[in-house]
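S.K.: Just so it is clear, I am handing over data_0.cif, which has mmCIF, C-alpha atoms and all ligand atoms.
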data_work
#
loop_
_atom_site.label_atom_id
_atom_site.label_comp_id
_atom_site.auth_asym_id
_atom_site.auth_seq_id
_atom_site.Cartn_x
_atom_site.Cartn_y
_atom_site.Cartn_z
CA MET X 1 0.00 0.00 0.00
CA ARG X 2 1.02 3.62 -0.42
CA ALA X 3 1.78 5.29 2.91
CA ILE X 4 3.39 8.41 4.35
CA GLN X 5 5.56 7.71 7.37
CA ILE X 6 7.94 9.33 9.85
CA PRO X 7 11.03 7.11 9.44
CA ALA X 8 12.57 7.98 12.84
CA ALA X 9 12.13 10.44 15.69
CA GLY X 10 12.88 13.99 14.58
CA GLU X 11 12.62 13.20 10.88
CA SER X 12 10.16 14.39 8.25
CA LEU X 13 7.36 12.70 6.37
CA GLU X 14 8.38 10.37 3.52
CA ALA X 15 6.33 8.44 0.96
CA VAL X 16 6.85 4.67 1.02
CA ASP X 17 5.33 1.40 -0.17
CA ARG X 18 4.36 -0.79 2.75
CA ASP X 19 2.67 -4.20 3.05
CA VAL X 20 -1.04 -4.03 3.80
CA PRO X 21 -1.09 -4.78 7.55
CA GLU X 22 -2.24 -8.11 9.01
CA VAL X 23 -5.57 -7.99 10.83
CA PRO X 24 -5.18 -9.36 14.38
CA ARG X 25 -8.03 -10.87 16.35
CA GLY X 26 -10.52 -8.20 17.45
CA HIS X 27 -9.27 -5.73 14.85
CA VAL X 28 -10.62 -4.27 11.60
CA LEU X 29 -8.83 -3.34 8.38
CA VAL X 30 -10.13 -0.01 7.07
CA ARG X 31 -9.62 1.23 3.51
CA VAL X 32 -8.83 4.90 4.01
CA SER X 33 -10.68 7.42 1.89
CA ALA X 34 -9.76 10.62 3.76
CA CYS X 35 -7.53 11.60 6.67
CA GLY X 36 -7.47 15.00 8.34
CA VAL X 37 -4.15 16.65 9.22
CA CYS X 38 -4.30 17.59 12.92
CA HIS X 39 -1.82 19.86 14.66
CA SER X 40 -1.20 16.95 17.07
CA ASP X 41 0.38 15.06 14.18
CA VAL X 42 3.54 17.02 15.08
CA MET X 43 3.90 14.58 17.98
CA ALA X 44 4.83 11.69 15.68
CA GLY X 45 7.71 13.72 14.21
CA ALA X 46 8.72 15.02 17.64
CA GLY X 47 9.64 11.56 18.94
CA MET X 48 6.45 10.82 20.86
CA ALA X 49 5.47 7.70 18.90
CA SER X 50 5.99 4.36 20.67
CA SER X 51 8.24 3.12 17.85
CA TYR X 52 9.42 4.05 14.34
CA PRO X 53 8.82 4.08 11.46
CA ARG X 54 5.34 5.37 12.27
CA ILE X 55 2.47 6.38 9.96
CA PRO X 56 0.71 9.42 11.51
CA GLY X 57 -2.94 10.38 11.12
CA HIS X 58 -5.87 10.11 13.53
CA GLU X 59 -8.73 11.72 11.61
CA VAL X 60 -9.57 8.76 9.41
CA ALA X 61 -12.70 8.07 7.36
CA GLY X 62 -13.13 5.08 5.07
CA THR X 63 -14.80 1.71 4.68
CA VAL X 64 -14.33 -1.62 6.40
CA GLU X 65 -12.24 -3.87 4.13
CA THR X 66 -11.96 -7.02 6.29
CA VAL X 67 -12.62 -7.92 9.91
CA GLY X 68 -10.43 -10.03 12.18
CA GLU X 69 -11.49 -13.10 14.15
CA GLY X 70 -14.00 -12.39 16.88
CA VAL X 71 -15.29 -9.11 15.41
CA GLU X 72 -19.06 -9.18 15.25
CA GLN X 73 -20.13 -5.53 15.21
CA TRP X 74 -18.53 -4.55 11.88
CA GLU X 75 -18.72 -5.96 8.37
CA PRO X 76 -16.99 -5.20 5.06
CA GLY X 77 -18.38 -2.18 3.24
CA GLN X 78 -19.53 -0.25 6.33
CA ARG X 79 -18.49 3.41 6.46
CA VAL X 80 -16.38 4.10 9.54
CA GLY X 81 -14.08 6.61 11.18
CA VAL X 82 -11.03 6.17 13.40
CA GLY X 83 -9.83 8.94 15.72
CA TRP X 84 -7.13 9.68 18.29
CA PHE X 85 -8.70 7.07 20.59
CA GLY X 86 -6.97 3.84 19.56
CA GLY X 87 -8.98 1.42 21.69
CA ALA X 88 -9.30 0.62 25.39
CA CYS X 89 -7.84 -2.12 27.58
CA PHE X 90 -11.15 -2.65 29.45
CA VAL X 91 -9.36 -3.71 32.65
CA CYS X 92 -7.65 -0.61 34.12
CA ASP X 93 -9.42 1.51 36.76
CA ALA X 94 -10.49 4.15 34.21
CA CYS X 95 -11.95 1.55 31.85
CA ARG X 96 -13.74 -0.16 34.72
CA ASP X 97 -15.43 3.20 35.38
CA GLY X 98 -16.44 3.34 31.71
CA ASP X 99 -14.02 6.25 31.13
CA PHE X 100 -12.39 4.67 28.08
CA ILE X 101 -10.70 7.84 26.84
CA SER X 102 -8.66 7.88 30.07
CA CYS X 103 -7.61 4.22 29.61
CA ARG X 104 -4.23 3.82 31.33
CA VAL X 105 -2.87 1.83 28.38
CA GLY X 106 -3.39 4.93 26.22
CA LYS X 107 -3.58 3.45 22.74
CA VAL X 108 -3.36 6.35 20.28
CA THR X 109 -3.91 6.03 16.54
CA GLY X 110 -0.89 7.36 14.66
CA LEU X 111 1.37 7.24 17.78
CA THR X 112 1.17 3.78 19.37
CA SER X 113 -0.13 2.21 16.15
CA ASP X 114 0.04 3.26 12.50
CA GLY X 115 -2.51 5.87 11.44
CA GLY X 116 -4.39 7.10 8.42
CA TYR X 117 -1.75 8.72 6.16
CA ALA X 118 -2.03 5.50 4.12
CA GLU X 119 -4.30 3.42 1.92
CA PHE X 120 -5.18 1.10 4.83
CA VAL X 121 -5.22 1.30 8.60
CA VAL X 122 -5.82 -1.41 11.21
CA ALA X 123 -7.71 -0.50 14.37
CA PRO X 124 -9.28 -2.37 17.29
CA ALA X 125 -13.01 -2.95 16.72
CA ASP X 126 -13.84 -0.71 19.72
CA ALA X 127 -11.96 2.23 18.18
CA LEU X 128 -14.32 2.53 15.19
CA ALA X 129 -17.24 4.93 14.80
CA ALA X 130 -20.03 4.48 12.26
CA VAL X 131 -20.26 7.37 9.78
CA PRO X 132 -23.86 8.45 9.07
CA ASP X 133 -25.22 9.04 5.57
CA GLY X 134 -25.18 12.74 4.83
CA LEU X 135 -21.52 13.19 5.72
CA SER X 136 -18.94 12.59 3.01
CA ASP X 137 -15.69 10.88 4.02
CA ALA X 138 -13.75 14.14 3.65
CA GLU X 139 -16.29 15.87 5.92
CA ALA X 140 -16.34 13.05 8.46
CA ALA X 141 -12.54 12.79 8.80
CA PRO X 142 -11.88 16.06 10.72
CA LEU X 143 -14.80 15.28 13.01
CA MET X 144 -12.86 12.23 14.28
CA CYS X 145 -10.45 14.46 16.25
CA ALA X 146 -11.00 18.20 15.82
CA GLY X 147 -14.75 17.53 15.92
CA VAL X 148 -15.05 15.11 18.81
CA THR X 149 -12.53 17.03 20.92
CA THR X 150 -14.48 20.29 20.72
CA PHE X 151 -17.95 18.66 20.79
CA ASN X 152 -17.05 16.57 23.83
CA GLY X 153 -15.12 19.38 25.52
CA LEU X 154 -18.22 21.57 25.25
CA ARG X 155 -20.82 19.03 26.26
CA GLU X 156 -18.82 17.98 29.31
CA SER X 157 -17.93 21.56 30.32
CA GLY X 158 -20.98 22.14 32.47
CA ALA X 159 -22.13 25.13 30.36
CA ARG X 160 -25.88 25.28 29.71
CA PRO X 161 -27.87 26.74 26.81
CA GLY X 162 -27.82 30.52 26.95
CA ASP X 163 -24.49 30.68 28.78
CA VAL X 164 -21.66 32.73 27.31
CA VAL X 165 -19.11 30.31 25.88
CA ALA X 166 -15.96 31.48 24.15
CA VAL X 167 -13.92 29.47 21.69
CA LEU X 168 -10.32 30.63 21.65
CA GLY X 169 -8.64 30.12 18.28
CA LEU X 170 -10.13 29.63 14.86
CA GLY X 171 -8.06 26.81 13.39
CA GLY X 172 -8.96 23.18 12.75
CA LEU X 173 -10.43 22.67 16.22
CA GLY X 174 -11.68 26.19 16.77
CA HIS X 175 -13.78 26.53 13.61
CA LEU X 176 -15.65 23.36 14.59
CA GLY X 177 -15.86 24.46 18.23
CA VAL X 178 -17.62 27.68 17.19
CA GLN X 179 -20.17 25.72 15.13
CA PHE X 180 -20.83 23.21 17.92
CA ALA X 181 -21.13 25.93 20.56
CA ALA X 182 -23.66 27.88 18.52
CA ARG X 183 -25.67 24.73 17.68
CA MET X 184 -25.66 23.71 21.36
CA GLY X 185 -27.40 26.96 22.22
CA PHE X 186 -24.57 28.89 23.85
CA GLU X 187 -24.07 32.62 23.39
CA THR X 188 -20.97 31.97 21.33
CA VAL X 189 -17.88 34.17 21.29
CA ALA X 190 -15.06 33.51 18.84
CA ILE X 191 -11.62 34.83 19.77
CA ALA X 192 -8.89 34.85 17.11
CA ARG X 193 -5.99 36.91 15.86
CA GLY X 194 -6.84 39.64 13.35
CA ALA X 195 -9.95 41.19 11.85
CA GLU X 196 -9.83 38.90 8.84
CA LYS X 197 -11.35 35.92 10.63
CA GLU X 198 -14.42 37.78 11.92
CA LYS X 199 -16.44 37.13 8.76
CA PHE X 200 -15.73 33.38 8.99
CA ALA X 201 -16.51 33.32 12.70
CA ARG X 202 -19.90 34.93 12.22
CA GLU X 203 -20.72 32.65 9.27
CA LEU X 204 -19.91 29.68 11.49
CA GLY X 205 -22.43 30.92 14.04
CA ALA X 206 -20.49 33.14 16.44
CA HIS X 207 -22.62 35.87 18.03
CA HIS X 208 -19.56 37.91 19.03
CA TYR X 209 -16.01 38.22 17.75
CA ILE X 210 -12.94 39.35 19.69
CA ASP X 211 -9.79 40.22 17.77
CA SER X 212 -7.06 39.30 20.24
CA THR X 213 -4.52 41.48 18.42
CA ALA X 214 -6.60 44.64 18.88
CA ASP X 215 -8.98 44.09 21.80
CA ASP X 216 -8.53 43.45 25.51
CA VAL X 217 -9.70 39.82 25.51
CA ALA X 218 -10.51 39.50 29.21
CA GLY X 219 -12.18 42.91 29.29
CA SER X 220 -14.30 42.11 26.22
CA LEU X 221 -15.46 38.82 27.77
CA ALA X 222 -16.23 40.58 31.04
CA ALA X 223 -18.29 43.16 29.14
CA LEU X 224 -20.43 40.26 27.86
CA GLY X 225 -21.06 39.19 31.44
CA GLY X 226 -18.10 36.84 31.68
CA ALA X 227 -17.61 33.46 30.03
CA THR X 228 -18.97 30.35 31.72
CA VAL X 229 -16.48 28.41 29.62
CA VAL X 230 -13.50 29.31 27.46
CA LEU X 231 -12.66 26.43 25.15
CA ALA X 232 -8.98 27.00 24.42
CA THR X 233 -7.91 25.48 21.10
CA VAL X 234 -4.78 27.55 20.52
CA THR X 235 -1.16 26.44 20.62
CA ASP X 236 -0.06 29.46 22.67
CA ALA X 237 -0.03 29.49 26.49
CA GLU X 238 -0.21 33.26 26.95
CA ALA X 239 -3.23 33.49 24.66
CA MET X 240 -4.93 30.97 26.95
CA THR X 241 -4.12 32.64 30.25
CA ALA X 242 -5.10 36.07 28.83
CA THR X 243 -8.73 34.87 28.91
CA ILE X 244 -8.81 34.03 32.62
CA GLY X 245 -9.79 37.53 33.70
CA GLY X 246 -12.84 37.18 31.42
CA LEU X 247 -14.22 34.07 33.12
CA ALA X 248 -17.50 34.42 35.00
CA PRO X 249 -17.57 33.39 38.67
CA ARG X 250 -17.13 29.58 38.69
CA GLY X 251 -16.16 29.84 35.01
CA LYS X 252 -13.81 27.29 33.53
CA LEU X 253 -10.91 27.44 31.11
CA VAL X 254 -11.04 24.14 29.22
CA VAL X 255 -7.60 23.51 27.75
CA LEU X 256 -7.58 21.58 24.47
CA GLY X 257 -4.52 23.03 22.73
CA VAL X 258 -1.04 21.87 23.71
CA PRO X 259 1.37 24.83 23.93
CA GLN X 260 5.04 23.93 24.30
CA GLU X 261 5.50 26.34 27.20
CA PRO X 262 3.79 25.90 30.59
CA LEU X 263 0.64 27.80 31.54
CA SER X 264 1.44 30.52 34.06
CA VAL X 265 -1.43 31.70 36.27
CA HIS X 266 -1.54 33.81 39.43
CA ALA X 267 -3.54 31.86 42.00
CA GLY X 268 -5.35 35.07 42.93
CA ALA X 269 -6.78 35.30 39.43
CA ILE X 270 -8.81 32.12 39.90
CA ILE X 271 -9.49 32.17 43.63
CA GLY X 272 -11.66 35.29 43.87
CA GLY X 273 -14.32 33.91 41.54
CA SER X 274 -13.66 30.19 42.18
CA GLN X 275 -12.68 29.72 38.55
CA SER X 276 -10.95 26.59 37.34
CA LEU X 277 -8.63 25.24 34.67
CA ALA X 278 -9.25 21.80 33.21
CA GLY X 279 -7.67 19.74 30.48
CA HIS X 280 -9.77 17.71 28.11
CA ALA X 281 -8.74 14.80 25.90
CA SER X 282 -10.54 14.02 22.66
CA GLY X 283 -13.18 11.31 23.17
CA SER X 284 -13.90 7.61 22.78
CA ALA X 285 -15.31 6.00 19.63
CA LYS X 286 -18.80 6.38 21.13
CA ASP X 287 -18.15 10.10 21.61
CA SER X 288 -17.04 10.28 17.96
CA GLU X 289 -20.25 8.62 16.84
CA ASP X 290 -22.24 11.14 18.87
CA THR X 291 -20.22 13.94 17.23
CA LEU X 292 -20.82 12.62 13.71
CA ARG X 293 -24.56 12.22 14.34
CA PHE X 294 -24.86 15.68 15.91
CA ALA X 295 -23.01 17.20 12.95
CA ALA X 296 -25.18 15.37 10.42
CA LEU X 297 -28.30 16.49 12.29
CA THR X 298 -27.44 20.15 12.82
CA GLY X 299 -25.39 21.00 9.74
CA VAL X 300 -21.99 21.32 11.42
CA ARG X 301 -19.39 20.77 8.70
CA PRO X 302 -15.64 21.27 8.60
CA LEU X 303 -14.35 23.76 6.05
CA ILE X 304 -11.59 21.85 4.31
CA GLU X 305 -8.73 22.07 1.83
CA THR X 306 -7.95 18.69 0.26
CA TYR X 307 -4.53 17.37 -0.74
CA PRO X 308 -3.88 13.97 -2.36
CA LEU X 309 -2.10 11.51 -0.03
CA GLU X 310 1.13 11.89 -2.04
CA LYS X 311 1.17 15.61 -1.11
CA ALA X 312 0.88 14.93 2.64
CA ALA X 313 4.05 16.89 3.41
CA ASP X 314 2.66 19.96 1.60
CA GLY X 315 -0.65 19.55 3.43
CA PHE X 316 1.14 19.27 6.75
CA GLU X 317 3.16 22.45 6.02
CA ARG X 318 -0.05 24.23 5.05
CA MET X 319 -1.63 23.30 8.40
CA MET X 320 1.49 24.39 10.32
CA SER X 321 1.54 27.74 8.48
CA GLY X 322 -1.82 28.63 10.05
CA LYS X 323 -3.14 29.59 6.62
CA ALA X 324 -5.41 26.58 6.02
CA ARG X 325 -9.12 27.45 5.96
CA PHE X 326 -9.62 25.54 8.16
CA ARG X 327 -8.66 21.87 8.01
CA VAL X 328 -6.33 20.13 5.59
CA VAL X 329 -7.67 16.72 4.57
CA LEU X 330 -5.62 14.12 2.68
CA THR X 331 -7.66 12.17 0.16
CA VAL X 332 -6.84 8.67 -1.04
CA ASP X 333 -8.19 7.57 -4.41
N1 LIG E 401 -7.00 17.96 23.68
C1 LIG E 401 -7.04 17.18 22.62
O1 LIG E 401 -7.50 16.05 22.70
C2 LIG E 401 -6.55 17.70 21.31
C3 LIG E 401 -7.06 17.18 20.11
C4 LIG E 401 -6.63 17.74 18.90
C5 LIG E 401 -5.70 18.76 18.89
N2 LIG E 401 -5.21 19.21 20.06
C6 LIG E 401 -4.27 20.34 20.09
O2 LIG E 401 -5.05 21.51 19.85
C7 LIG E 401 -4.23 22.51 19.24
C8 LIG E 401 -4.91 23.03 17.98
O3 LIG E 401 -4.95 22.01 16.99
P1 LIG E 401 -5.50 22.37 15.52
O4 LIG E 401 -5.40 21.12 14.75
O5 LIG E 401 -6.77 23.09 15.60
O6 LIG E 401 -4.36 23.39 15.04
P2 LIG E 401 -4.38 24.50 13.89
O7 LIG E 401 -5.45 24.25 12.91
O8 LIG E 401 -2.97 24.61 13.44
O9 LIG E 401 -4.78 25.84 14.70
C9 LIG E 401 -3.87 26.43 15.57
C10 LIG E 401 -4.57 27.46 16.43
O10 LIG E 401 -3.61 28.01 17.31
C11 LIG E 401 -3.67 29.40 17.26
N3 LIG E 401 -2.31 29.97 17.40
C12 LIG E 401 -1.19 29.55 16.77
N4 LIG E 401 -0.16 30.33 17.15
C13 LIG E 401 -0.65 31.22 18.03
C14 LIG E 401 -0.07 32.31 18.77
N5 LIG E 401 1.24 32.60 18.69
N6 LIG E 401 -0.88 33.02 19.57
C15 LIG E 401 -2.19 32.73 19.67
N7 LIG E 401 -2.79 31.74 18.99
C16 LIG E 401 -2.02 31.00 18.18
C17 LIG E 401 -4.31 29.78 15.96
O11 LIG E 401 -5.04 30.93 16.30
P3 LIG E 401 -5.80 31.94 15.29
O12 LIG E 401 -7.10 31.30 14.96
O13 LIG E 401 -5.98 33.16 16.10
O14 LIG E 401 -4.92 32.10 14.10
C18 LIG E 401 -5.18 28.59 15.63
O15 LIG E 401 -6.49 28.78 16.11
C19 LIG E 401 -2.88 21.84 19.00
O16 LIG E 401 -2.04 22.17 20.10
C20 LIG E 401 -3.21 20.37 19.03
O17 LIG E 401 -2.10 19.57 19.37
C21 LIG E 401 -5.61 18.72 21.26
ZN ZN E 402 -6.01 15.46 16.56
#
As structure tokens, please, write out the structure in this file.

M.R.:
Amino acid sequence: MRAIQIPAAGESLEAVDRDVPEVPRGHVLVRVSACGVCHSDVMAGAGMASSYPRIPGHEVAGTVETVGEGVEQWEPGQRVGVGWFGGACFVCDACRDGDFISCRVGKVTGLTSDGGYAEFVVAPADALAAVPDGLSDAEAAPLMCAGVTTFNGLRESGARPGDVVAVLGLGGLGHLGVQFAARMGFETVAIARGAEKEKFARELGAHHYIDSTADDVAGSLAALGGATVVLATVTDAEAMTATIGGLAPRGKLVVLGVPQEPLSVHAGAIIGGSQSLAGHASGSAKDSEDTLRFAALTGVRPLIETYPLEKAADGFERMMSGKARFRVVLTVD
């Protein structure tokens, strides 16, 4: 099969021919049709994969090609997605509580197993989500990470319809976060750099726009009554902490983005109003299915730029440049 891999830690993407992988018991072979390029794909190049060479990619959409022994819930021809969640162990304390995304074994598609920058990917049967009619593969792919992470981060945030919810950043995650927030009934604030993104933000459903390069972000949020939740999708720590002064009493900064530098917060800034900071990891395959169905139902769609698989390195550069509007998706013909 054609595949794009990271040959070793610290190296760049390269195109290779690989054998179509074996399908172990309990696993499914998926023929990839589309794979989103997520900012987290940098982790494979940065040495965070469990072994090398490693094929990145955890926003996969395609069809079931074959199923391994013992797999009863999937059959060839079904449309499926595979996300960051690479399956659960079912025996650790988190799994026993039904919290599969926190599984201690931490199987991650594209990091601990090969991902979707390829013609085929193998995944455990419990890591697959059914893709509903009404979503194309290229539309479904980004929903498998950028989508489920923002959808799940919002629905588990504690915010209720009518609350002021801000989405910080308008990239791959953020542009979906704004759509989900608006469709979930929140008074939705988009925060991004520059005036140029305001038009997009409002088209995606934002009721308010804050240009972080020109406006006082915390002050603008406070003027709206304070944010119950800020969903932080950016890669910059200071941009995240700059929102804290705009949280409502008991408001929460939900951290999705992974800046390289630590978050620096004065305790006093979150004690007075009992605010909190929380991380949030993507979601399980069930959460992805909920995301796909919600998107199909409410019209949430990623805005995408497609690149053929062979041009994965160009697509990856495009994502890293911050110029993609808004998600790069690799397509496999
Ligand atoms: N928690 C999870 O499970 C999870 C899942 C997926 C991804 N992630 C992480 O989420 C982050 C975003 O991923 P993505 O795929 O959406 O990335 P992306 O499409 O490249 O978007 C990057 C975002 O970061 C913002 N940004 C970049 N440099 C900035 C700076 N110097 N100051 C302020 N903002 C800056 C951009 O803001 P503007 O819109 O203002 O340009 C943009 O919204 C990454 O760190 C990724 O690893 C986490
Ligand atoms: Zn991702």

S.K.: Return as a compact mmCIF listing (two decimals) with C-alpha atoms, in the frame of the given file every polymer residue, whether protein, DNA or RNA, with at least one atom no more than 12 Å from an atom of ligand ZN 402 (chain E); count only C-alpha atoms and all ligand atoms.

M.R.:
# COMPACT_ATOMS: atom_id res chain seq x y z
CA CYS X 35 -7.53 11.60 6.67
CA GLY X 36 -7.47 15.00 8.34
CA VAL X 37 -4.15 16.65 9.22
CA CYS X 38 -4.30 17.59 12.92
CA HIS X 39 -1.82 19.86 14.66
CA SER X 40 -1.20 16.95 17.07
CA ASP X 41 0.38 15.06 14.18
CA VAL X 42 3.54 17.02 15.08
CA MET X 43 3.90 14.58 17.98
CA ALA X 44 4.83 11.69 15.68
CA PRO X 56 0.71 9.42 11.51
CA GLY X 57 -2.94 10.38 11.12
CA HIS X 58 -5.87 10.11 13.53
CA GLU X 59 -8.73 11.72 11.61
CA VAL X 60 -9.57 8.76 9.41
CA VAL X 82 -11.03 6.17 13.40
CA GLY X 83 -9.83 8.94 15.72
CA TRP X 84 -7.13 9.68 18.29
CA PHE X 85 -8.70 7.07 20.59
CA VAL X 108 -3.36 6.35 20.28
CA THR X 109 -3.91 6.03 16.54
CA GLY X 110 -0.89 7.36 14.66
CA LEU X 111 1.37 7.24 17.78
CA GLY X 115 -2.51 5.87 11.44
CA GLY X 116 -4.39 7.10 8.42
CA ALA X 141 -12.54 12.79 8.80
CA PRO X 142 -11.88 16.06 10.72
CA LEU X 143 -14.80 15.28 13.01
CA MET X 144 -12.86 12.23 14.28
CA CYS X 145 -10.45 14.46 16.25
CA ALA X 146 -11.00 18.20 15.82
CA GLY X 147 -14.75 17.53 15.92
CA VAL X 148 -15.05 15.11 18.81
CA THR X 149 -12.53 17.03 20.92
CA THR X 150 -14.48 20.29 20.72
CA GLY X 171 -8.06 26.81 13.39
CA GLY X 172 -8.96 23.18 12.75
CA LEU X 173 -10.43 22.67 16.22
CA THR X 233 -7.91 25.48 21.10
CA LEU X 256 -7.58 21.58 24.47
CA GLY X 257 -4.52 23.03 22.73
CA VAL X 258 -1.04 21.87 23.71
CA ALA X 281 -8.74 14.80 25.90
CA SER X 282 -10.54 14.02 22.66
CA GLY X 283 -13.18 11.31 23.17
CA ARG X 327 -8.66 21.87 8.01
CA VAL X 328 -6.33 20.13 5.59

S.K.: Set the distance at 12 Å and use all atoms listed in the file: which residues neighbour stretch 319-326 of chain X once local chain neighbours fewer than 3 positions away are removed? I'd like the list as number ranges by chain.

M.R.: X: 36-42, 139, 142, 146, 169-177, 192-193, 196-197, 200-201, 204, 234-235, 301-307, 312-316, 329-330

S.K.: Using all atoms listed in the file, can you tell me which of X:Arg104, X:Arg250, X:Arg155, X:Arg54 comes closest to X:Arg183?

M.R.: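 Going through X:Arg104, X:Arg250, X:Arg155, X:Arg54 one by one, the smallest distance to X:Arg183 is for X:Arg155.
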
S.K.: Give me the box for ligand LIG 401 (chain E) as lines of an AutoDock Vina configuration file, namely the centre and edge lengths in Å to one decimal of a box along x, y and z that holds every listed atom plus 3 Å on each side.

M.R.:
center_x = -3.1
center_y = 24.6
center_z = 18.3
size_x = 14.7
size_y = 23.1
size_z = 16.8

S.K.: As an exercise, work out the distance from atom CA of X:Glu72 to atom CA of X:Gly87 in Å and give it to one decimal place.

M.R.: 16.0 Å

S.K.: Between X:Ile4, X:Ala242, X:Ala140, X:Ala9, single out the one closest to ligand LIG 401 (chain E), counting all atoms listed in the file.

M.R.: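 The shortest atom-to-atom distance to ligand LIG 401 (chain E) comes from X:Ala242.
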
S.K.: Taking into account all atoms listed in the file, which residue in the set X:Ser212, X:Gln73, X:Thr243, X:Ser276 is nearest to ligand LIG 401 (chain E)?

M.R.: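 Nearest candidate to ligand LIG 401 (chain E) out of X:Ser212, X:Gln73, X:Thr243, X:Ser276: X:Ser212.
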
S.K.: Which polymer residues have any atom within 12 Å of an atom of X:Gly225, counting only C-alpha atoms, with same-chain residues fewer than 6 positions away left out, as a PDB file with C-alpha atoms, in the coordinates of the input?

M.R.:
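Listed below is the output, out37.pdb:
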ATOM      1  CA  GLY X 162     -27.820  30.520  26.950  1.00  0.00           C
ATOM      2  CA  ASP X 163     -24.490  30.680  28.780  1.00  0.00           C
ATOM      3  CA  VAL X 164     -21.660  32.730  27.310  1.00  0.00           C
ATOM      4  CA  VAL X 165     -19.110  30.310  25.880  1.00  0.00           C
ATOM      5  CA  ALA X 166     -15.960  31.480  24.150  1.00  0.00           C
ATOM      6  CA  GLU X 187     -24.070  32.620  23.390  1.00  0.00           C
ATOM      7  CA  VAL X 189     -17.880  34.170  21.290  1.00  0.00           C
ATOM      8  CA  ALA X 218     -10.510  39.500  29.210  1.00  0.00           C
ATOM      9  CA  GLY X 219     -12.180  42.910  29.290  1.00  0.00           C
ATOM     10  CA  GLY X 245      -9.790  37.530  33.700  1.00  0.00           C
ATOM     11  CA  GLY X 246     -12.840  37.180  31.420  1.00  0.00           C
ATOM     12  CA  LEU X 247     -14.220  34.070  33.120  1.00  0.00           C
ATOM     13  CA  ALA X 248     -17.500  34.420  35.000  1.00  0.00           C
ATOM     14  CA  PRO X 249     -17.570  33.390  38.670  1.00  0.00           C
ATOM     15  CA  GLY X 251     -16.160  29.840  35.010  1.00  0.00           C
TER      16      GLY X 251
END

S.K.: Pick from X:Leu128, X:Met48, X:Ala214, X:Ala239: nearest to ligand LIG 401 (chain E), with only C-alpha atoms and all ligand atoms counted?

M.R.: X:Ala239

S.K.: For a cut-off of 6 Å around (-15.9, 9.4, 5.0), file coordinates, pick out all residues using only C-alpha atoms and list them as a list in words.

M.R.: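 All residues meeting the 6 Å criterion around (-15.9, 9.4, 5.0) are Ala61, Gly62, Ser136, Asp137, Ala138 and Ala140 of chain X.
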
S.K.: Now that the selection is made, can you save its residues with C-alpha atoms as a compact mmCIF listing (two decimals), in the frame of the given file?

M.R.:
# COMPACT_ATOMS: atom_id res chain seq x y z
CA ALA X 61 -12.70 8.07 7.36
CA GLY X 62 -13.13 5.08 5.07
CA SER X 136 -18.94 12.59 3.01
CA ASP X 137 -15.69 10.88 4.02
CA ALA X 138 -13.75 14.14 3.65
CA ALA X 140 -16.34 13.05 8.46

S.K.: Counting only C-alpha atoms and all ligand atoms, which residue out of X:Leu297, X:Val131, X:Leu231, X:Val332 sits closest to ligand LIG 401 (chain E)?

M.R.: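 Nearest candidate to ligand LIG 401 (chain E) out of X:Leu297, X:Val131, X:Leu231, X:Val332: X:Leu231.
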
S.K.: Return the single residue from X:Phe120, X:Ser51, X:Thr112, X:Ala46 that is closest to ligand LIG 401 (chain E), with distances computed using all atoms listed in the file.

M.R.: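 Comparing X:Phe120, X:Ser51, X:Thr112, X:Ala46 against ligand LIG 401 (chain E), the winner is X:Ala46.
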
S.K.: Can you tell me which residues surround X:Glu69 at a distance of at most 9 Å, considering all atoms listed in the file, apart from same-chain residues fewer than 2 positions away, and format the answer as a PDB file with C-alpha atoms, in the coordinates of the input?

M.R.:
ATOM      1  CA  VAL X  23      -5.570  -7.990  10.830  1.00  0.00           C
ATOM      2  CA  PRO X  24      -5.180  -9.360  14.380  1.00  0.00           C
ATOM      3  CA  ARG X  25      -8.030 -10.870  16.350  1.00  0.00           C
ATOM      4  CA  GLY X  26     -10.520  -8.200  17.450  1.00  0.00           C
ATOM      5  CA  HIS X  27      -9.270  -5.730  14.850  1.00  0.00           C
ATOM      6  CA  VAL X  67     -12.620  -7.920   9.910  1.00  0.00           C
ATOM      7  CA  VAL X  71     -15.290  -9.110  15.410  1.00  0.00           C
ATOM      8  CA  GLU X  72     -19.060  -9.180  15.250  1.00  0.00           C
TER       9      GLU X  72
END

S.K.: Find the spatial neighbours of X:Ala206, counting all atoms listed in the file, within a cut-off of 8 Å - ignore same-chain residues fewer than 3 positions away - and output them as a PyMOL selection string.

M.R.: chain X and resi 178-179+182+187-190+201-203+209

S.K.: What does the structure give for the distance between atom CA of X:Met1 and atom CA of X:Asp126, in Å to one decimal?

M.R.: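 According to the coordinates, atom CA of X:Met1 and atom CA of X:Asp126 are separated by 24.1 Å.
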
S.K.: For atom CA of X:His207 and atom O8 of ligand LIG 401 (chain E), determine how far apart the two atoms are, in Å to one decimal place.

M.R.: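 Taking atom CA of X:His207 and atom O8 of ligand LIG 401 (chain E), their separation equals 23.1 Å.
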
S.K.: Find the spatial neighbours of X:Pro21, counting all atoms listed in the file, within a cut-off of 8 Å - ignore same-chain residues fewer than 6 positions away - and output them as number ranges by chain.

M.R.: X: 29, 120-122

S.K.: The selected residues should be written to file as a PDB file, keeping the file's coordinate frame (atoms: C-alpha atoms).

M.R.:
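Dumped to out31.pdb:
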ATOM      1  CA  LEU X  29      -8.830  -3.340   8.380  1.00  0.00           C
ATOM      2  CA  PHE X 120      -5.180   1.100   4.830  1.00  0.00           C
ATOM      3  CA  VAL X 121      -5.220   1.300   8.600  1.00  0.00           C
ATOM      4  CA  VAL X 122      -5.820  -1.410  11.210  1.00  0.00           C
TER       5      VAL X 122
END
